[in-house]
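Undergrad: Here you go, coords_15.tsv (TSV, C-alpha atoms):
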chain	number	residue	atom	x	y	z
A	1	MET	CA	-15.79	-25.74	21.22
A	2	TRP	CA	-14.34	-22.21	21.06
A	3	HIS	CA	-10.60	-22.19	20.52
A	4	SER	CA	-9.16	-18.94	21.85
A	5	GLN	CA	-5.75	-19.47	20.19
A	6	THR	CA	-7.28	-19.91	16.74
A	7	PHE	CA	-9.63	-16.97	17.28
A	8	PHE	CA	-6.73	-14.76	18.36
A	9	LYS	CA	-4.49	-15.85	15.50
A	10	GLN	CA	-7.16	-15.21	12.88
A	11	GLN	CA	-7.55	-11.57	13.84
A	12	PRO	CA	-6.38	-9.11	11.11
A	13	TRP	CA	-3.21	-7.96	12.85
A	14	ILE	CA	-0.90	-5.55	11.08
A	15	GLY	CA	2.27	-6.98	12.60
A	16	ARG	CA	2.87	-9.33	15.49
A	17	PRO	CA	-0.21	-9.44	17.75
A	18	LEU	CA	1.68	-8.27	20.83
A	19	VAL	CA	3.12	-5.25	18.98
A	20	ASP	CA	-0.32	-4.32	17.66
A	21	ILE	CA	-1.91	-4.63	21.09
A	22	LEU	CA	0.75	-2.77	23.06
A	23	PHE	CA	1.61	0.05	20.68
A	24	ILE	CA	-1.42	0.57	18.41
A	25	LEU	CA	-4.53	-0.55	20.29
A	26	LEU	CA	-3.62	-0.06	23.96
A	27	PRO	CA	-2.39	3.59	24.08
A	28	PRO	CA	-5.83	5.31	24.27
A	29	PHE	CA	-7.07	2.91	26.97
A	30	ALA	CA	-3.83	3.14	28.96
A	31	SER	CA	-3.90	6.93	28.72
A	32	LEU	CA	-7.48	7.10	29.96
A	33	LEU	CA	-6.70	4.74	32.84
A	34	LEU	CA	-3.74	6.93	33.78
A	35	VAL	CA	-5.93	10.03	33.86
A	36	PHE	CA	-8.48	8.33	36.10
A	37	LEU	CA	-5.83	6.90	38.44
A	38	PHE	CA	-4.10	10.24	38.97
A	39	PRO	CA	-6.87	12.85	38.77
A	40	SER	CA	-4.94	15.52	40.67
A	41	VAL	CA	-2.23	15.44	37.99
A	42	PHE	CA	-4.30	15.22	34.84
A	43	GLN	CA	-7.68	16.75	35.63
A	44	ASN	CA	-6.50	20.14	36.84
A	45	LYS	CA	-6.77	23.31	34.81
A	46	GLU	CA	-3.07	24.07	34.94
A	47	GLY	CA	-0.75	23.68	31.98
A	48	VAL	CA	1.55	20.76	31.27
A	49	THR	CA	4.57	20.46	33.59
A	50	ASP	CA	8.12	20.46	32.18
A	51	ALA	CA	8.44	16.71	32.77
A	52	GLY	CA	5.07	16.04	31.16
A	53	TRP	CA	5.96	18.29	28.24
A	54	VAL	CA	9.23	16.44	27.60
A	55	VAL	CA	7.56	13.01	27.57
A	56	LEU	CA	4.31	13.89	25.80
A	57	VAL	CA	5.21	16.70	23.44
A	58	LEU	CA	8.92	16.30	22.72
A	59	LEU	CA	9.40	12.51	22.88
A	60	ILE	CA	6.03	11.49	21.41
A	61	ASP	CA	4.25	14.30	19.55
A	62	VAL	CA	7.23	15.96	17.88
A	63	ALA	CA	9.24	12.73	17.56
A	64	HIS	CA	6.47	10.88	15.73
A	65	VAL	CA	6.50	13.58	13.03
A	66	TYR	CA	10.07	12.63	12.12
A	67	SER	CA	9.25	8.92	11.84
A	68	THR	CA	7.86	9.78	8.39
A	69	LEU	CA	11.48	10.21	7.28
A	70	TYR	CA	12.08	6.45	7.45
A	71	ARG	CA	9.17	5.84	5.09
A	72	THR	CA	10.11	8.59	2.62
A	73	TYR	CA	13.39	10.56	2.46
A	74	PHE	CA	15.49	7.81	4.10
A	75	ASP	CA	14.11	5.15	1.73
A	76	PRO	CA	16.10	5.34	-1.55
A	77	GLN	CA	13.46	3.48	-3.56
A	78	ALA	CA	10.51	5.45	-2.17
A	79	PHE	CA	12.39	8.74	-2.75
A	80	SER	CA	13.27	7.77	-6.30
A	81	LYS	CA	9.69	6.72	-7.07
A	82	GLN	CA	8.02	9.75	-5.46
A	83	ARG	CA	10.77	12.31	-5.95
A	84	SER	CA	8.53	15.04	-7.36
A	85	ILE	CA	6.02	14.82	-4.48
A	86	LEU	CA	8.72	14.59	-1.81
A	87	ILE	CA	10.44	17.70	-3.14
A	88	ALA	CA	7.35	19.71	-4.07
A	89	ILE	CA	5.37	19.31	-0.84
A	90	PRO	CA	7.93	20.89	1.55
A	91	PHE	CA	8.62	23.69	-0.94
A	92	ILE	CA	4.95	24.52	-1.57
A	93	GLY	CA	4.12	24.07	2.12
A	94	PHE	CA	6.85	26.53	3.13
A	95	VAL	CA	5.77	29.16	0.59
A	96	ILE	CA	2.12	28.98	1.67
A	97	ALA	CA	3.11	29.03	5.35
A	98	VAL	CA	5.28	32.13	4.88
A	99	MET	CA	2.47	33.89	3.01
A	100	ALA	CA	-0.05	32.98	5.72
A	101	TYR	CA	2.22	34.11	8.56
A	102	SER	CA	3.03	37.35	6.73
A	103	ILE	CA	-0.69	38.13	6.59
A	104	SER	CA	-1.32	37.14	10.20
A	105	SER	CA	0.30	34.83	12.73
A	106	GLN	CA	-3.23	33.90	13.85
A	107	LEU	CA	-4.08	32.84	10.30
A	108	PHE	CA	-0.94	30.69	10.13
A	109	TRP	CA	-1.67	28.85	13.38
A	110	ARG	CA	-5.33	28.44	12.48
A	111	LEU	CA	-4.48	26.84	9.14
A	112	LEU	CA	-1.90	24.61	10.82
A	113	ALA	CA	-4.36	23.60	13.56
A	114	TYR	CA	-7.07	22.54	11.12
A	115	THR	CA	-4.53	20.70	8.97
A	116	ALA	CA	-3.36	18.84	12.07
A	117	VAL	CA	-6.95	18.01	13.06
A	118	PHE	CA	-7.61	16.57	9.60
A	119	HIS	CA	-4.44	14.47	9.86
A	120	PHE	CA	-5.41	13.14	13.31
A	121	ILE	CA	-8.90	12.21	12.09
A	122	ARG	CA	-7.63	10.49	8.97
A	123	GLN	CA	-5.16	8.40	10.96
A	124	GLN	CA	-7.97	6.85	12.98
A	125	TYR	CA	-9.92	6.15	9.81
A	126	GLY	CA	-6.82	4.62	8.22
A	127	PHE	CA	-6.24	2.21	11.10
A	128	MET	CA	-9.91	1.24	11.06
A	129	ARG	CA	-9.75	0.46	7.31
A	130	VAL	CA	-6.56	-1.59	7.66
A	131	TYR	CA	-8.13	-3.69	10.42
A	132	SER	CA	-11.29	-4.12	8.30
A	133	ARG	CA	-9.45	-5.47	5.27
A	134	LYS	CA	-10.33	-9.14	5.88
A	135	GLU	CA	-14.02	-8.59	6.62
A	136	ALA	CA	-16.68	-9.62	4.13
A	137	SER	CA	-17.91	-6.06	3.94
A	138	THR	CA	-21.03	-4.69	2.30
A	139	LYS	CA	-21.61	-1.09	1.27
A	140	LEU	CA	-23.78	-0.68	4.36
A	141	SER	CA	-21.14	-2.04	6.76
A	142	ILE	CA	-18.44	0.13	5.18
A	143	TRP	CA	-20.57	3.24	5.62
A	144	ILE	CA	-21.46	2.37	9.21
A	145	ASP	CA	-17.76	1.92	10.01
A	146	ARG	CA	-16.92	5.22	8.32
A	147	ILE	CA	-19.61	7.21	10.04
A	148	ALA	CA	-18.73	5.71	13.43
A	149	ILE	CA	-15.00	6.44	13.25
A	150	TYR	CA	-15.42	9.89	11.73
A	151	TYR	CA	-18.12	11.04	14.12
A	152	ALA	CA	-16.15	9.65	17.06
A	153	THR	CA	-13.59	12.37	16.26
A	154	LEU	CA	-15.87	15.04	14.81
A	155	TYR	CA	-18.35	15.27	17.69
A	156	PRO	CA	-15.76	16.31	20.31
A	157	LEU	CA	-14.48	18.91	17.84
A	158	ILE	CA	-18.03	20.14	17.18
A	159	TYR	CA	-18.54	20.38	20.95
A	160	TRP	CA	-15.29	22.34	21.24
A	161	HIS	CA	-16.33	24.78	18.49
A	162	LEU	CA	-19.95	25.23	19.61
A	163	ASN	CA	-19.35	25.31	23.36
A	164	GLY	CA	-16.56	27.85	23.23
A	165	PRO	CA	-12.89	27.84	24.27
A	166	ARG	CA	-11.60	25.14	26.62
A	167	ASN	CA	-8.80	25.30	29.19
A	168	PHE	CA	-6.46	24.03	26.47
A	169	ASN	CA	-5.70	24.79	22.82
A	170	TRP	CA	-4.59	22.74	19.86
A	171	PHE	CA	-1.57	24.99	19.30
A	172	ILE	CA	-2.23	28.53	20.54
A	173	GLU	CA	-5.12	30.45	22.06
A	174	ASN	CA	-8.07	30.93	19.69
A	175	ASP	CA	-6.59	28.86	16.89
A	176	PHE	CA	-10.11	27.48	16.36
A	177	VAL	CA	-13.14	29.47	15.24
A	178	TYR	CA	-15.89	29.35	17.88
A	179	LEU	CA	-19.63	29.63	17.34
A	180	GLN	CA	-21.91	29.56	20.38
A	181	SER	CA	-25.00	27.55	19.41
A	182	PRO	CA	-26.80	25.49	22.09
A	183	PHE	CA	-29.29	24.17	19.51
A	184	LEU	CA	-26.63	22.82	17.12
A	185	LEU	CA	-24.72	21.40	20.06
A	186	GLN	CA	-27.78	19.55	21.32
A	187	LEU	CA	-28.55	18.28	17.84
A	188	SER	CA	-25.00	17.01	17.32
A	189	THR	CA	-25.10	15.32	20.75
A	190	VAL	CA	-28.29	13.44	19.89
A	191	LEU	CA	-26.71	12.36	16.60
A	192	TYR	CA	-23.60	11.23	18.49
A	193	ILE	CA	-25.67	8.96	20.74
A	194	LEU	CA	-27.56	7.59	17.72
A	195	VAL	CA	-24.32	6.83	15.83
A	196	ILE	CA	-22.86	4.95	18.79
A	197	GLY	CA	-26.11	3.05	19.33
A	198	VAL	CA	-26.43	2.03	15.67
A	199	TYR	CA	-22.79	0.92	15.58
A	200	ILE	CA	-23.16	-1.26	18.69
A	201	LEU	CA	-26.37	-2.83	17.36
A	202	TYR	CA	-24.87	-3.48	13.93
A	203	GLU	CA	-21.70	-5.07	15.30
A	204	GLY	CA	-23.80	-7.14	17.71
A	205	ARG	CA	-25.96	-8.35	14.83
A	206	ARG	CA	-22.84	-9.17	12.79
A	207	TRP	CA	-21.47	-11.26	15.66
A	208	ILE	CA	-24.77	-13.16	16.07
A	209	LEU	CA	-24.97	-13.95	12.36
A	210	THR	CA	-21.31	-14.74	11.63
A	211	LYS	CA	-19.95	-15.73	15.07
A	212	GLN	CA	-16.95	-13.56	14.23
A	213	VAL	CA	-15.57	-10.53	16.05
A	214	ASN	CA	-12.94	-8.20	14.63
A	215	LEU	CA	-11.20	-7.28	17.89
A	216	PRO	CA	-8.58	-4.86	16.51
A	217	LYS	CA	-11.16	-2.88	14.55
A	218	LEU	CA	-13.50	-2.66	17.52
A	219	ALA	CA	-10.58	-1.60	19.73
A	220	ILE	CA	-9.66	1.20	17.31
A	221	VAL	CA	-13.25	2.48	17.22
A	222	ALA	CA	-13.70	2.19	21.00
A	223	GLY	CA	-10.30	3.74	21.73
A	224	THR	CA	-11.05	6.64	19.41
A	225	LEU	CA	-14.46	7.23	21.00
A	226	LEU	CA	-13.05	7.21	24.52
A	227	SER	CA	-9.85	9.19	23.99
A	228	TRP	CA	-11.46	11.97	21.94
A	229	TYR	CA	-14.56	12.28	24.14
A	230	PHE	CA	-12.77	12.27	27.48
A	231	GLY	CA	-9.81	14.27	26.22
A	232	ILE	CA	-11.91	17.12	24.79
A	233	VAL	CA	-15.47	16.98	26.16
A	234	TYR	CA	-15.39	15.34	29.60
A	235	PHE	CA	-12.13	16.69	31.00
A	236	ASN	CA	-11.25	20.34	30.67
A	237	GLY	CA	-7.54	20.30	31.48
A	238	ASP	CA	-4.46	20.78	29.34
A	239	MET	CA	-2.63	17.75	30.77
A	240	ALA	CA	-5.57	15.39	30.24
A	241	PHE	CA	-6.09	16.63	26.69
A	242	THR	CA	-2.40	16.33	25.87
A	243	VAL	CA	-1.93	12.80	27.18
A	244	LEU	CA	-5.13	11.45	25.57
A	245	ASN	CA	-4.52	13.27	22.31
A	246	VAL	CA	-0.77	12.78	21.89
A	247	VAL	CA	-0.28	9.25	23.21
A	248	SER	CA	-3.26	7.87	21.26
A	249	HIS	CA	-1.91	9.36	18.04
A	250	GLY	CA	1.89	9.45	18.23
A	251	ILE	CA	2.75	6.00	19.58
A	252	PRO	CA	0.53	4.06	17.11
A	253	TYR	CA	1.99	6.04	14.22
A	254	MET	CA	5.58	5.25	15.21
A	255	ALA	CA	4.58	1.61	15.69
A	256	LEU	CA	3.10	1.53	12.18
A	257	VAL	CA	6.33	2.89	10.69
A	258	TRP	CA	8.33	0.33	12.68
A	259	ILE	CA	6.16	-2.57	11.49
A	260	TYR	CA	6.36	-1.37	7.90
A	261	GLY	CA	10.14	-1.00	8.10
A	262	GLN	CA	10.70	-4.47	9.56
A	263	LYS	CA	8.52	-6.10	6.91
A	264	ASN	CA	9.99	-4.21	3.97
A	265	TYR	CA	13.52	-2.98	4.57
A	266	LEU	CA	14.87	-6.31	5.81
A	267	GLN	CA	13.90	-8.02	2.56
A	268	PRO	CA	16.64	-8.65	-0.06
A	269	GLY	CA	16.94	-5.75	-2.48
A	270	ARG	CA	14.85	-3.38	-0.31
A	271	GLY	CA	16.09	-0.57	1.83
A	272	SER	CA	19.57	0.86	2.34
A	273	ARG	CA	22.22	-0.45	4.71
A	274	PHE	CA	21.21	2.29	7.15
A	275	LEU	CA	17.54	1.20	7.11
A	276	LYS	CA	18.53	-2.45	7.60
A	277	ILE	CA	20.41	-1.42	10.76
A	278	VAL	CA	17.55	0.76	12.01
A	279	PHE	CA	14.93	-1.95	11.56
A	280	SER	CA	17.05	-4.86	12.73
A	281	LYS	CA	16.18	-6.76	15.91
A	282	TYR	CA	17.81	-4.25	18.25
A	283	GLY	CA	17.64	-1.28	15.89
A	284	VAL	CA	14.72	0.21	17.80
A	285	VAL	CA	17.29	2.09	19.90
A	286	VAL	CA	18.59	3.82	16.76
A	287	PHE	CA	15.03	4.21	15.42
A	288	LEU	CA	13.84	6.08	18.51
A	289	GLY	CA	17.16	7.73	19.28
A	290	LEU	CA	17.22	9.61	15.97
A	291	LEU	CA	13.59	10.69	16.38
A	292	PHE	CA	14.30	12.02	19.88
A	293	LEU	CA	17.43	13.81	18.65
A	294	PHE	CA	15.58	15.55	15.80
A	295	ALA	CA	12.72	16.47	18.14
A	296	TYR	CA	15.07	17.87	20.79
A	297	PHE	CA	16.96	19.95	18.24
A	298	GLU	CA	13.79	21.36	16.69
A	299	GLU	CA	12.09	22.16	19.98
A	300	GLY	CA	15.27	23.75	21.29
A	301	ILE	CA	15.17	26.26	18.44
A	302	TRP	CA	11.42	26.81	18.95
A	303	ASP	CA	12.01	27.55	22.61
A	304	ALA	CA	15.02	29.76	22.05
A	305	PHE	CA	13.44	32.07	19.50
A	306	VAL	CA	9.66	31.68	19.71
A	307	TRP	CA	8.06	30.10	22.81
A	308	LYS	CA	10.64	30.76	25.55
A	309	GLU	CA	8.80	28.40	27.92
A	310	HIS	CA	11.18	25.47	28.58
A	311	ALA	CA	14.62	27.06	28.68
A	312	ALA	CA	15.73	24.80	31.54
A	313	VAL	CA	15.04	21.69	29.46
A	314	PHE	CA	17.46	22.86	26.78
A	315	GLY	CA	20.03	24.45	29.06
A	316	ILE	CA	19.57	27.93	27.63
A	317	SER	CA	18.24	29.69	30.73
A	318	ASN	CA	21.29	31.92	31.07
A	319	MET	CA	21.79	32.58	27.38
A	320	ARG	CA	20.99	35.99	25.93
A	321	LEU	CA	19.27	35.29	22.64
A	322	PRO	CA	18.23	37.94	20.12
A	323	GLU	CA	14.57	38.87	19.75
A	324	LEU	CA	13.28	38.18	16.25
A	325	ASN	CA	11.18	40.84	14.57
A	326	ASP	CA	7.95	40.04	12.71
A	327	THR	CA	9.70	39.85	9.35
A	328	LEU	CA	12.18	37.25	10.55
A	329	LEU	CA	9.47	35.32	12.40
A	330	SER	CA	7.44	35.08	9.20
A	331	PHE	CA	10.27	32.91	7.82
A	332	VAL	CA	11.58	31.23	10.98
A	333	VAL	CA	8.21	29.99	12.29
A	334	PRO	CA	7.12	28.40	8.95
A	335	LEU	CA	10.59	26.84	8.63
A	336	LEU	CA	10.38	25.31	12.11
A	337	ALA	CA	6.82	24.12	11.39
A	338	LEU	CA	7.85	22.62	8.04
A	339	PRO	CA	8.49	19.09	9.42
A	340	GLN	CA	4.91	19.08	10.80
A	341	ILE	CA	3.42	20.49	7.60
A	342	THR	CA	5.29	17.96	5.48
A	343	HIS	CA	4.29	15.11	7.80
A	344	TYR	CA	0.60	16.08	7.70
A	345	ILE	CA	0.48	16.24	3.91
A	346	LEU	CA	2.77	13.32	3.06
A	347	ASP	CA	0.80	11.04	5.35
A	348	GLY	CA	-2.06	11.24	2.86
A	349	PHE	CA	0.16	9.77	0.14
A	350	ILE	CA	2.61	7.29	1.65
A	351	TRP	CA	0.14	4.74	3.03
A	352	LYS	CA	-1.76	4.29	-0.24
A	353	ILE	CA	0.21	1.13	-0.96
A	354	LYS	CA	-0.67	-1.36	-3.65
A	355	LYS	CA	-1.22	-4.92	-2.48
A	356	GLU	CA	1.70	-6.22	-4.50
A	357	GLU	CA	4.05	-3.71	-2.86
A	358	PHE	CA	3.37	-4.63	0.73
A	359	LYS	CA	1.28	-7.19	2.60
A	360	TRP	CA	0.37	-6.54	6.22
A	361	ASN	CA	1.22	-9.45	8.46
A	362	ASN	CA	2.67	-11.49	5.56
A	363	GLU	CA	-0.75	-12.09	4.02
A	364	GLU	CA	-1.06	-14.19	0.95
Could you express the structure from this file as structure tokens?

TA:
Amino acid sequence: MWHSQTFFKQQPWIGRPLVDILFILLPPFASLLLVFLFPSVFQNKEGVTDAGWVVLVLLIDVAHVYSTLYRTYFDPQAFSKQRSILIAIPFIGFVIAVMAYSISSQLFWRLLAYTAVFHFIRQQYGFMRVYSRKEASTKLSIWIDRIAIYYATLYPLIYWHLNGPRNFNWFIENDFVYLQSPFLLQLSTVLYILVIGVYILYEGRRWILTKQVNLPKLAIVAGTLLSWYFGIVYFNGDMAFTVLNVVSHGIPYMALVWIYGQKNYLQPGRGSRFLKIVFSKYGVVVFLGLLFLFAYFEEGIWDAFVWKEHAAVFGISNMRLPELNDTLLSFVVPLLALPQITHYILDGFIWKIKKEEFKWNNEE
């Protein structure tokens, strides 16, 4: 007889099952459902409204960048152990960013866009690998998982590049390089269908042979397929792209940091007094509050001196602010983008954790 409780408990959760489901696995599906339920809001070709921008960009996209602080600069032991990397990366990133912007603002945003894309892709792969950790994997199964998760993100980007500009951008207009090629687009589409088909058949065969299903891993793969395809290929609106892109990426990342903090910083001898408060039972208010504060402060400066699009949000509509010349912008813009740059690069280092340092879900 099939015991649903045992089956559910044996799944390779990262934290508590409900936290995983609500904040890591559910966001892409909930976002897609929201887009379908309110098509007039999300499927139009207009830009993101002020209210949508505050929730999606400021409180999720920008805020999630700062959650890296808890895992690095706010962690005394992590900072002491990785001091050289944590100091060198922002410094080197700023120097390169200033050089790029001095050559061309377009070059700067293009480099930043492709760095962000790489970071977004790698996050999905990382979640898939974490949820695969208990599987009796073979080289073939590992490669099938890798190809599936990578191509789930790469195909929509290939479509974007080969089909030309969309009604939305990653950061600014023409930050991607476009190449019109119907033949390559058709070829990549056929490959996309084949990859999905092979993955479904392989997972079906695995279930028949082992009678086991890795629900979190399958949810990550399915959520990635749906959010990236519908956000980039199917819909052609800025609001739809933003909600599917930002929610599916930002909320799971903050949840991962929260789970890590609760499992590590509450242990004796780990974490500072500040981190113990942040990751205590009701510390989520402080956890999110600081992220929102940092995001609001950063975006306020962006809007005041660079974008000038959401003055009402920051209460600066009636303020006369100086116009920055190109020389000043070549320093100010890279400085404002530094939290993002640091987040993108550091993310490739901080989750490579040895088993003895941290066990997901209190594994033995």

Undergrad: To one decimal place in Å, what is the distance between atom CA of A:Lys263 and atom CA of A:Arg83?

TA: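 Between these atoms lies a distance of 22.6 Å.
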
Undergrad: Using all atoms listed in the file, which protein or nucleic acid residues come within 7 Å of stretch 160-176 of chain A? Drop anything in the same chain fewer than 3 positions from it, and give the result as an MDAnalysis selection string.

TA: chainID A and resid 45 106 109:110 113 156:157 179:181 185 236:238

Undergrad: Please produce a file of those selected residues containing C-alpha atoms, as a compact mmCIF listing (two decimals), in the frame of the given file.

TA:
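That gives us part.txt:
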# COMPACT_ATOMS: atom_id res chain seq x y z
CA LYS A 45 -6.77 23.31 34.81
CA GLN A 106 -3.23 33.90 13.85
CA TRP A 109 -1.67 28.85 13.38
CA ARG A 110 -5.33 28.44 12.48
CA ALA A 113 -4.36 23.60 13.56
CA PRO A 156 -15.76 16.31 20.31
CA LEU A 157 -14.48 18.91 17.84
CA LEU A 179 -19.63 29.63 17.34
CA GLN A 180 -21.91 29.56 20.38
CA SER A 181 -25.00 27.55 19.41
CA LEU A 185 -24.72 21.40 20.06
CA ASN A 236 -11.25 20.34 30.67
CA GLY A 237 -7.54 20.30 31.48
CA ASP A 238 -4.46 20.78 29.34

Undergrad: As an exercise, work out the distance from atom CA of A:Pro27 to atom CA of A:Val243 in Å and give it to one decimal place.

TA: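 Computing it gives 9.7 Å between the two atoms.
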
Undergrad: Looking at A:Tyr70, A:Trp13, A:Val48, A:Ser105, which one is nearest to A:Leu275, with distances taken over all atoms listed in the file?

TA: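 That would be A:Tyr70, the residue with the smallest distance to A:Leu275.
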
Undergrad: Smallest atom-to-atom distance to A:Leu187: which of A:Met239, A:Tyr296, A:Tyr159, A:Phe287, using only C-alpha atoms?

TA: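 Among the listed residues, the smallest separation from A:Leu187 belongs to A:Tyr159.
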
Undergrad: Neighbours of stretch 303-313 of chain A within 9 Å (all atoms listed in the file; same-chain residues fewer than 5 positions away dropped), as number ranges by chain?

TA: A: 50-51, 53-54, 298, 318, 321-324, 329, 332-333

Undergrad: I need the residues from that last selection saved to file as a CSV table (one decimal), in the coordinates of the input (with C-alpha atoms), if you can.

TA:
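Final output, again.csv:
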chain,number,residue,atom,x,y,z
A,50,ASP,CA,8.1,20.5,32.2
A,51,ALA,CA,8.4,16.7,32.8
A,53,TRP,CA,6.0,18.3,28.2
A,54,VAL,CA,9.2,16.4,27.6
A,298,GLU,CA,13.8,21.4,16.7
A,318,ASN,CA,21.3,31.9,31.1
A,321,LEU,CA,19.3,35.3,22.6
A,322,PRO,CA,18.2,37.9,20.1
A,323,GLU,CA,14.6,38.9,19.8
A,324,LEU,CA,13.3,38.2,16.2
A,329,LEU,CA,9.5,35.3,12.4
A,332,VAL,CA,11.6,31.2,11.0
A,333,VAL,CA,8.2,30.0,12.3

Undergrad: Find, counting all atoms listed in the file, the residue in A:Gly300, A:Gly231, A:Gly250, A:Pro339 that gets nearest to A:Tyr66.

TA: A:Pro339

Undergrad: Considering all atoms listed in the file, state which residue in the set A:Arg320, A:Leu154, A:Ile142, A:Ile345 is at the smallest distance from A:Ser188.

TA: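 Between A:Arg320, A:Leu154, A:Ile142, A:Ile345, the residue approaching A:Ser188 most closely is A:Leu154.
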
Undergrad: If you measure from atom CA of A:Val233 to atom CA of A:Trp143, what distance in Å do you get, rounded to one decimal?

TA: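 Between atom CA of A:Val233 and atom CA of A:Trp143 the gap is 25.2 Å.
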
Undergrad: Excluding A:Ala148 and any residue of its chain fewer than 4 positions from it, enumerate the residues within 7 Å of it, using all atoms listed in the file, and give them as number ranges by chain.

TA: A: 144, 152, 195-196, 199

Undergrad: So, counting all atoms listed in the file, which residue among A:Ala78, A:Ile87, A:Leu201, A:Leu22 is closest to A:Arg270?

TA: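 Residue with the minimum atom-to-atom distance to A:Arg270: A:Ala78.
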
Undergrad: Excluding A:Phe274 and its own-chain neighbours fewer than 3 positions away, which residues fall within 12 Å of it when counting all atoms listed in the file? Please give them as a list of chain:residue names.

TA: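 Counting all atoms listed in the file, the residues come to A:Tyr70, A:Phe74, A:Asp75, A:Pro76, A:Gly261, A:Tyr265, A:Leu266, A:Arg270, A:Gly271, A:Ile277, A:Val278, A:Phe279, A:Ser280, A:Gly283, A:Val286, A:Phe287.
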
Undergrad: My list of candidates is A:Arg16, A:Lys281, A:Lys217, A:Arg273. Which is closest to A:Lys134 when distances are computed with only C-alpha atoms?

TA: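 For A:Lys134, the nearest of the given residues is A:Lys217.
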
Undergrad: List as a VMD selection string the protein and nucleic acid residues near A:Gln11, meaning an atom at most 7 Å away when all atoms listed in the file are counted, but skip any in the same chain fewer than 2 places from it.

TA: chain A and resid 7 to 9 13 214 to 215

Undergrad: Kindly export the residues of the current selection with C-alpha atoms, as a PDB file, in the coordinates of the input.

TA:
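The resulting file, out-v7.pdb, is shown below:
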ATOM      1  CA  PHE A   7      -9.630 -16.970  17.280  1.00  0.00           C
ATOM      2  CA  PHE A   8      -6.730 -14.760  18.360  1.00  0.00           C
ATOM      3  CA  LYS A   9      -4.490 -15.850  15.500  1.00  0.00           C
ATOM      4  CA  TRP A  13      -3.210  -7.960  12.850  1.00  0.00           C
ATOM      5  CA  ASN A 214     -12.940  -8.200  14.630  1.00  0.00           C
ATOM      6  CA  LEU A 215     -11.200  -7.280  17.890  1.00  0.00           C
TER       7      LEU A 215
END
